[in-house]
Amino acid sequence: MRSSVGRMYAITIPEPGGPEALVWSEVPDAVAGEGEVLVEVVASAVNRADILQRQGFYNPPPGASPYPGLECSGRIAEIGPGVSGWAVGDEVCALLAGGGYAEKVAVPAGQLLPVPKGLDVRRAAALPEVVCTVWSNVFMIAHLRPGETLLVHGGSSGIGTMAIQLAKAVGAKVAVTAGTPEKLDRCAELGADILINYREQDFVEEVRKATDGAGADVILDNMGAKYLDRNIQALAVNGRLAIIGMQGGVKGELNIATLLNKRAAISATSLRARPVGEKTAIVAAVREHVWPLVDAGHIRPVVDRELPMSDAAAAHRIVEESGHIGKVLLVGQ
């Protein structure tokens with residue numbers, strides 16, 4: 001399927017709804033503005049935020065592409081005004097505010113990363129969102145240190161599989177929750193030390209047992225309200241809770257006395273709506289601290305499967321069913 005001159009194909013959402021709301025449509029070409037480059041997309045990846053956008057609950061920030069897709073990989077097709085350090089034809093991956101589910105996307109130059117050595121350009125699409133999320137929350141905000149314990153909820157997710165690898169790379173101990181023995185086995189293969197089946201075990205009790213009663217120094221949580229009180233219980237003294245999702249609801253009750261007694265801290269962030277300057281700083285930190293590990297092969301994206309981008313509806317169904325491990329990629333036509 002070829003687009004006409006000045007046009008491209010992208011996944012559009014004419015009306016919010018189920019996976020069938022995603023429509024592969026011809027739309028106006030993306031254009032690189034000041035400080036941006038135009039990337040010909042080879043692949044994108046499905047994130048929970050894309051599902052929320054499809055359902056009508058997570059609109060793009062002002063000025064962002066209306067199409068879903070918070071990360072991509074591909075090749076630079078055009079350099080916009082005021083951009084240096086990149087060239088047409090460079091293989092890149094990028095953190096986006098939207099627009100990854102398309103043939104082309106305009107990207108602020110500060111949100112670009114080179115495709116790591118030895119990694120196929122398609123699989124590089126699985127990296128930007130998870131690496132930037134984990135690095136900014138677990139390391140830049142929560143300051144996970146060697147020898148500390150990190151608890152990751154949803155250890156077999158794209159975020160979880162990356163958090164395990166990064167935490168182990170800096171010498172931390174890693175506890176994970178997951179819902180099946182198969183998912184826990186994959187977490188163990190990546191280096192997880194403490195495996196908790198949340199359907200059968202109490203993660204608070206299991207973390208305490210595994211840490212001689214101390215608890216987790218850092219918790220990376222995608223559940224929000226549902227786990228808020230129990231996360232505080234599972235924290236160690238001086239522990240840090242980083243909330244990055246709300247799959248378990250948006251309103252929870254917090255025992256301030258417990259928080260005070262533990263001298264604990266709670267942070268809650270989203271990546272998409274941050275200003276370009278903040279994203280640029282995160283991407284720069286990732287390139288400095290994480291990319292050498294990826295280049296050396298110590299860290300790799302975990303990809304469950306690849307589907308054609310025009311079949312984004314099927315990819316969304318797979319992610320919503322939560323049977324996958326790692327990332328689900330959408331590959332360009």
# chains A, B, ... in the order shown; residues from 1 in each chain; ligands from 1
$ closest_atom_pairs --of "region 62-181 of chain A" --to "region 320-328 of chain A" --cutoff "10 Å" --atoms "only C-alpha atoms" --output "tab-separated table"
residue	atom	partner	partner_atom	distance
A:Arg123	CA	A:Lys327	CA	9.5
A:Ala125	CA	A:Lys327	CA	9.4
A:Ala126	CA	A:Lys327	CA	6.2
A:Leu127	CA	A:Lys327	CA	9.1
A:Val130	CA	A:Lys327	CA	9.4
A:Gly154	CA	A:Ile325	CA	9.9
A:Gly155	CA	A:Ile325	CA	9.0
A:Ser156	CA	A:Ile325	CA	5.2
A:Ser157	CA	A:Gly326	CA	4.8
A:Gly158	CA	A:Gly326	CA	4.1
A:Ile159	CA	A:Gly326	CA	7.6
A:Gly160	CA	A:Gly326	CA	7.8
A:Thr161	CA	A:Gly326	CA	6.2
A:Met162	CA	A:Gly326	CA	8.5
A:Gly179	CA	A:Ser322	CA	9.6
A:Thr180	CA	A:Gly323	CA	9.4
$ write_last_selection --atoms "C-alpha atoms" --output "PDB file, in the first residue's frame"
ATOM      1  CA  ARG A 123      14.049  -4.312  17.800  1.00  0.00           C
ATOM      2  CA  ALA A 125      11.843   0.321  18.771  1.00  0.00           C
ATOM      3  CA  ALA A 126      11.339  -1.607  22.027  1.00  0.00           C
ATOM      4  CA  LEU A 127      13.872   0.508  23.917  1.00  0.00           C
ATOM      5  CA  VAL A 130      10.940   1.600  28.745  1.00  0.00           C
ATOM      6  CA  GLY A 154       4.665  -6.571  36.542  1.00  0.00           C
ATOM      7  CA  GLY A 155       8.158  -7.982  36.161  1.00  0.00           C
ATOM      8  CA  SER A 156       7.416  -9.623  32.801  1.00  0.00           C
ATOM      9  CA  SER A 157       6.161  -6.420  31.149  1.00  0.00           C
ATOM     10  CA  GLY A 158       8.291  -4.263  28.890  1.00  0.00           C
ATOM     11  CA  ILE A 159       9.006  -1.925  31.810  1.00  0.00           C
ATOM     12  CA  GLY A 160       9.603  -4.853  34.157  1.00  0.00           C
ATOM     13  CA  THR A 161      12.012  -6.747  31.923  1.00  0.00           C
ATOM     14  CA  MET A 162      14.087  -3.594  31.459  1.00  0.00           C
ATOM     15  CA  GLY A 179       0.839 -13.740  37.569  1.00  0.00           C
ATOM     16  CA  THR A 180       2.111 -17.056  36.159  1.00  0.00           C
TER      17      THR A 180
END
$ select_by_dssp --residues "region 203-307 of chain A" --states "strand (DSSP E)" --output "MDAnalysis selection string"
chainID A and resid 216:221 235:243 265:268 303:307
$ residues_around --residues "Val218 (chain A)" --least-positions-apart "5" --cutoff "12 Å" --atoms "only C-alpha atoms" --output "PyMOL selection string"
chain A and resi 134+137-139+141-153+163+167+172-176+207+231-232+234-243+264-267
$ write_last_selection --atoms "C-alpha atoms" --output "compact mmCIF listing (two decimals), in the first residue's frame"
# COMPACT_ATOMS: atom_id res chain seq x y z
CA VAL A 134 12.99 3.08 34.20
CA ASN A 137 12.17 6.92 37.88
CA VAL A 138 14.38 4.24 39.43
CA PHE A 139 17.72 5.97 39.10
CA ILE A 141 14.43 10.14 41.08
CA ALA A 142 14.55 7.13 43.43
CA HIS A 143 18.36 6.81 43.29
CA LEU A 144 18.60 3.01 43.44
CA ARG A 145 22.07 2.09 44.69
CA PRO A 146 24.23 -1.06 44.55
CA GLY A 147 23.21 -3.55 47.23
CA GLU A 148 19.70 -2.15 47.62
CA THR A 149 16.51 -4.09 46.84
CA LEU A 150 14.17 -3.06 44.02
CA LEU A 151 10.62 -4.43 43.86
CA VAL A 152 9.13 -4.33 40.35
CA HIS A 153 5.42 -4.94 39.88
CA ALA A 163 13.99 -2.68 35.17
CA ALA A 167 18.95 -2.93 38.41
CA ALA A 172 20.98 -4.24 43.11
CA LYS A 173 18.83 -7.14 44.28
CA VAL A 174 15.55 -7.49 42.38
CA ALA A 175 12.14 -8.74 43.51
CA VAL A 176 9.33 -9.08 40.96
CA VAL A 207 9.60 -9.14 50.29
CA ASN A 231 3.51 -0.74 48.81
CA ILE A 232 4.10 1.53 51.80
CA ALA A 234 6.60 -3.24 51.81
CA LEU A 235 9.02 -0.29 51.85
CA ALA A 236 12.17 -0.28 53.92
CA VAL A 237 13.09 2.62 56.18
CA ASN A 238 14.13 5.49 53.88
CA GLY A 239 12.42 3.63 51.03
CA ARG A 240 11.24 5.27 47.81
CA LEU A 241 8.02 4.42 45.96
CA ALA A 242 7.92 5.40 42.27
CA ILE A 243 4.43 5.26 40.78
CA ALA A 264 9.76 7.19 53.02
CA ALA A 265 9.17 9.15 49.82
CA ILE A 266 6.60 8.80 47.05
CA SER A 267 7.07 10.09 43.50
$ residues_around --residues "region 9-23 of chain A" --least-positions-apart "6" --cutoff "10 Å" --atoms "only C-alpha atoms" --output "PyMOL selection string"
chain A and resi 1-3+29+51-57+66-69+99-105+309-317+320+332-333
$ residues_around --residues "Arg75 (chain A)" --least-positions-apart "3" --cutoff "9 Å" --atoms "only C-alpha atoms" --output "MDAnalysis selection string"
chainID A and resid 38:42 88:93 121
$ select_by_dssp --residues "region 85-274 of chain A" --states "alpha helix (DSSP H)" --output "CSV table (one decimal) with N, CA and C atoms, in the first residue's frame"
chain,number,residue,atom,x,y,z
A,128,PRO,N,13.2,2.9,23.7
A,128,PRO,CA,13.2,4.3,24.2
A,128,PRO,C,12.2,4.5,25.4
A,129,GLU,N,11.0,4.1,25.3
A,129,GLU,CA,10.0,4.4,26.3
A,129,GLU,C,10.3,3.6,27.6
A,130,VAL,N,10.7,2.3,27.5
A,130,VAL,CA,10.9,1.6,28.7
A,130,VAL,C,12.2,2.0,29.4
A,131,VAL,N,13.3,2.3,28.6
A,131,VAL,CA,14.6,2.7,29.2
A,131,VAL,C,14.4,4.0,29.8
A,132,CYS,N,13.8,5.0,29.1
A,132,CYS,CA,13.7,6.3,29.7
A,132,CYS,C,12.8,6.3,30.9
A,133,THR,N,11.7,5.5,30.9
A,133,THR,CA,10.9,5.4,32.1
A,133,THR,C,11.6,4.8,33.3
A,134,VAL,N,12.3,3.7,33.1
A,134,VAL,CA,13.0,3.1,34.2
A,134,VAL,C,14.1,4.0,34.7
A,158,GLY,N,7.2,-5.0,29.5
A,158,GLY,CA,8.3,-4.3,28.9
A,158,GLY,C,9.1,-3.5,29.9
A,159,ILE,N,8.4,-2.7,30.7
A,159,ILE,CA,9.0,-1.9,31.8
A,159,ILE,C,9.7,-2.9,32.8
A,160,GLY,N,9.0,-3.9,33.2
A,160,GLY,CA,9.6,-4.9,34.2
A,160,GLY,C,10.9,-5.5,33.7
A,161,THR,N,10.8,-6.0,32.4
A,161,THR,CA,12.0,-6.7,31.9
A,161,THR,C,13.2,-5.8,31.8
A,162,MET,N,13.0,-4.5,31.5
A,162,MET,CA,14.1,-3.6,31.5
A,162,MET,C,14.6,-3.2,32.9
A,163,ALA,N,13.6,-3.0,33.8
A,163,ALA,CA,14.0,-2.7,35.2
A,163,ALA,C,14.8,-3.8,35.8
A,164,ILE,N,14.5,-5.0,35.6
A,164,ILE,CA,15.3,-6.1,36.1
A,164,ILE,C,16.8,-6.0,35.6
A,165,GLN,N,16.9,-5.9,34.3
A,165,GLN,CA,18.2,-5.8,33.7
A,165,GLN,C,19.1,-4.7,34.2
A,166,LEU,N,18.4,-3.5,34.3
A,166,LEU,CA,19.2,-2.3,34.7
A,166,LEU,C,19.6,-2.4,36.2
A,167,ALA,N,18.6,-2.8,37.0
A,167,ALA,CA,18.9,-2.9,38.4
A,167,ALA,C,20.1,-3.9,38.7
A,168,LYS,N,20.0,-5.1,38.0
A,168,LYS,CA,21.1,-6.0,38.1
A,168,LYS,C,22.4,-5.5,37.6
A,169,ALA,N,22.4,-4.7,36.6
A,169,ALA,CA,23.6,-4.1,36.0
A,169,ALA,C,24.3,-3.2,37.0
A,181,PRO,N,3.7,-18.9,36.6
A,181,PRO,CA,5.0,-19.4,36.8
A,181,PRO,C,5.9,-19.2,35.5
A,182,GLU,N,5.3,-19.2,34.3
A,182,GLU,CA,6.1,-19.0,33.1
A,182,GLU,C,6.6,-17.6,33.1
A,183,LYS,N,5.9,-16.6,33.5
A,183,LYS,CA,6.3,-15.2,33.5
A,183,LYS,C,7.5,-15.1,34.6
A,184,LEU,N,7.3,-15.7,35.7
A,184,LEU,CA,8.3,-15.6,36.7
A,184,LEU,C,9.6,-16.3,36.3
A,185,ASP,N,9.5,-17.4,35.5
A,185,ASP,CA,10.7,-18.0,35.0
A,185,ASP,C,11.5,-17.1,34.1
A,186,ARG,N,10.7,-16.3,33.2
A,186,ARG,CA,11.4,-15.4,32.3
A,186,ARG,C,12.1,-14.3,33.1
A,187,CYS,N,11.5,-13.9,34.2
A,187,CYS,CA,12.1,-12.8,35.1
A,187,CYS,C,13.3,-13.4,35.7
A,188,ALA,N,13.3,-14.6,36.1
A,188,ALA,CA,14.5,-15.2,36.7
A,188,ALA,C,15.6,-15.3,35.7
A,189,GLU,N,15.3,-15.6,34.4
A,189,GLU,CA,16.3,-15.7,33.4
A,189,GLU,C,17.0,-14.4,33.2
A,190,LEU,N,16.3,-13.3,33.4
A,190,LEU,CA,16.8,-11.9,33.3
A,190,LEU,C,17.6,-11.5,34.5
A,203,PHE,N,2.8,-10.1,48.4
A,203,PHE,CA,4.1,-9.5,48.1
A,203,PHE,C,4.8,-8.8,49.3
A,204,VAL,N,4.0,-8.2,50.1
A,204,VAL,CA,4.5,-7.6,51.3
A,204,VAL,C,5.3,-8.6,52.2
A,205,GLU,N,4.6,-9.7,52.5
A,205,GLU,CA,5.2,-10.7,53.3
A,205,GLU,C,6.4,-11.4,52.6
A,206,GLU,N,6.3,-11.6,51.3
A,206,GLU,CA,7.4,-12.3,50.6
A,206,GLU,C,8.7,-11.3,50.5
A,207,VAL,N,8.5,-10.1,50.3
A,207,VAL,CA,9.6,-9.1,50.3
A,207,VAL,C,10.3,-9.0,51.7
A,208,ARG,N,9.4,-9.0,52.7
A,208,ARG,CA,10.0,-8.9,54.1
A,208,ARG,C,10.8,-10.1,54.4
A,209,LYS,N,10.3,-11.3,54.0
A,209,LYS,CA,11.0,-12.6,54.3
A,209,LYS,C,12.3,-12.6,53.6
A,210,ALA,N,12.3,-12.1,52.3
A,210,ALA,CA,13.6,-12.2,51.5
A,210,ALA,C,14.6,-11.2,51.9
A,228,LEU,N,-1.3,1.0,46.8
A,228,LEU,CA,-0.7,2.1,47.5
A,228,LEU,C,-0.4,1.7,48.9
A,229,ASP,N,-1.3,1.3,49.7
A,229,ASP,CA,-1.1,1.0,51.1
A,229,ASP,C,-0.1,-0.2,51.3
A,230,ARG,N,-0.3,-1.2,50.5
A,230,ARG,CA,0.6,-2.4,50.6
A,230,ARG,C,2.0,-2.0,50.2
A,231,ASN,N,2.2,-1.2,49.2
A,231,ASN,CA,3.5,-0.7,48.8
A,231,ASN,C,4.2,0.0,50.0
A,232,ILE,N,3.5,0.8,50.7
A,232,ILE,CA,4.1,1.5,51.8
A,232,ILE,C,4.5,0.5,52.9
A,233,GLN,N,3.7,-0.5,53.1
A,233,GLN,CA,4.0,-1.5,54.1
A,233,GLN,C,5.3,-2.3,53.6
A,234,ALA,N,5.5,-2.5,52.3
A,234,ALA,CA,6.6,-3.2,51.8
A,234,ALA,C,7.9,-2.4,51.7
A,256,ILE,N,-0.4,8.0,56.6
A,256,ILE,CA,0.7,8.9,56.7
A,256,ILE,C,1.6,8.6,57.8
A,257,ALA,N,1.1,8.0,58.9
A,257,ALA,CA,1.9,7.6,60.1
A,257,ALA,C,2.9,6.6,59.6
A,258,THR,N,2.5,5.6,58.8
A,258,THR,CA,3.5,4.6,58.4
A,258,THR,C,4.5,5.2,57.5
A,259,LEU,N,4.1,6.1,56.6
A,259,LEU,CA,5.0,6.8,55.8
A,259,LEU,C,6.1,7.6,56.6
A,260,LEU,N,5.6,8.3,57.6
A,260,LEU,CA,6.5,9.1,58.5
A,260,LEU,C,7.4,8.2,59.2
A,261,ASN,N,6.9,7.1,59.8
A,261,ASN,CA,7.8,6.2,60.5
A,261,ASN,C,8.9,5.6,59.7
$ decode --residues "region 9-49 of chain A" --atoms "C-alpha atoms" --output "PDB file, in the first residue's frame"
ATOM      1  CA  TYR A   9      -0.330   6.155   6.294  1.00  0.00           C
ATOM      2  CA  ALA A  10      -0.905   6.172  10.051  1.00  0.00           C
ATOM      3  CA  ILE A  11      -3.115   4.526  12.632  1.00  0.00           C
ATOM      4  CA  THR A  12      -5.951   6.929  13.369  1.00  0.00           C
ATOM      5  CA  ILE A  13      -8.691   6.830  16.017  1.00  0.00           C
ATOM      6  CA  PRO A  14     -11.846   8.301  14.440  1.00  0.00           C
ATOM      7  CA  GLU A  15     -13.845   7.461  17.573  1.00  0.00           C
ATOM      8  CA  PRO A  16     -12.609   6.097  20.937  1.00  0.00           C
ATOM      9  CA  GLY A  17     -13.391   2.468  21.620  1.00  0.00           C
ATOM     10  CA  GLY A  18     -12.046  -1.060  21.492  1.00  0.00           C
ATOM     11  CA  PRO A  19      -9.174  -2.284  19.334  1.00  0.00           C
ATOM     12  CA  GLU A  20     -11.386  -2.019  16.249  1.00  0.00           C
ATOM     13  CA  ALA A  21     -11.262   1.787  16.717  1.00  0.00           C
ATOM     14  CA  LEU A  22      -7.720   1.751  15.283  1.00  0.00           C
ATOM     15  CA  VAL A  23      -7.859   2.515  11.545  1.00  0.00           C
ATOM     16  CA  TRP A  24      -4.930   2.444   9.076  1.00  0.00           C
ATOM     17  CA  SER A  25      -5.627   5.635   7.117  1.00  0.00           C
ATOM     18  CA  GLU A  26      -3.987   7.949   4.631  1.00  0.00           C
ATOM     19  CA  VAL A  27      -3.131  11.263   6.326  1.00  0.00           C
ATOM     20  CA  PRO A  28      -1.018  14.357   5.597  1.00  0.00           C
ATOM     21  CA  ASP A  29       2.744  13.823   5.691  1.00  0.00           C
ATOM     22  CA  ALA A  30       4.610  14.595   8.908  1.00  0.00           C
ATOM     23  CA  VAL A  31       6.907  17.617   8.585  1.00  0.00           C
ATOM     24  CA  ALA A  32      10.096  18.386  10.508  1.00  0.00           C
ATOM     25  CA  GLY A  33       9.930  21.742  12.250  1.00  0.00           C
ATOM     26  CA  GLU A  34      12.585  23.815  14.002  1.00  0.00           C
ATOM     27  CA  GLY A  35      14.871  21.559  16.041  1.00  0.00           C
ATOM     28  CA  GLU A  36      13.265  18.377  14.692  1.00  0.00           C
ATOM     29  CA  VAL A  37      14.150  15.555  12.336  1.00  0.00           C
ATOM     30  CA  LEU A  38      11.792  13.501  10.194  1.00  0.00           C
ATOM     31  CA  VAL A  39      12.097   9.763  10.799  1.00  0.00           C
ATOM     32  CA  GLU A  40      10.908   7.092   8.369  1.00  0.00           C
ATOM     33  CA  VAL A  41       9.457   4.609  10.825  1.00  0.00           C
ATOM     34  CA  VAL A  42      10.631   1.002  10.661  1.00  0.00           C
ATOM     35  CA  ALA A  43       8.848  -0.085  13.844  1.00  0.00           C
ATOM     36  CA  SER A  44       6.958   1.175  16.877  1.00  0.00           C
ATOM     37  CA  ALA A  45       5.849  -0.589  20.070  1.00  0.00           C
ATOM     38  CA  VAL A  46       2.602  -0.901  21.995  1.00  0.00           C
ATOM     39  CA  ASN A  47       2.427   0.759  25.408  1.00  0.00           C
ATOM     40  CA  ARG A  48      -0.428   0.877  27.925  1.00  0.00           C
ATOM     41  CA  ALA A  49      -0.716   4.609  27.272  1.00  0.00           C
TER      42      ALA A  49
END
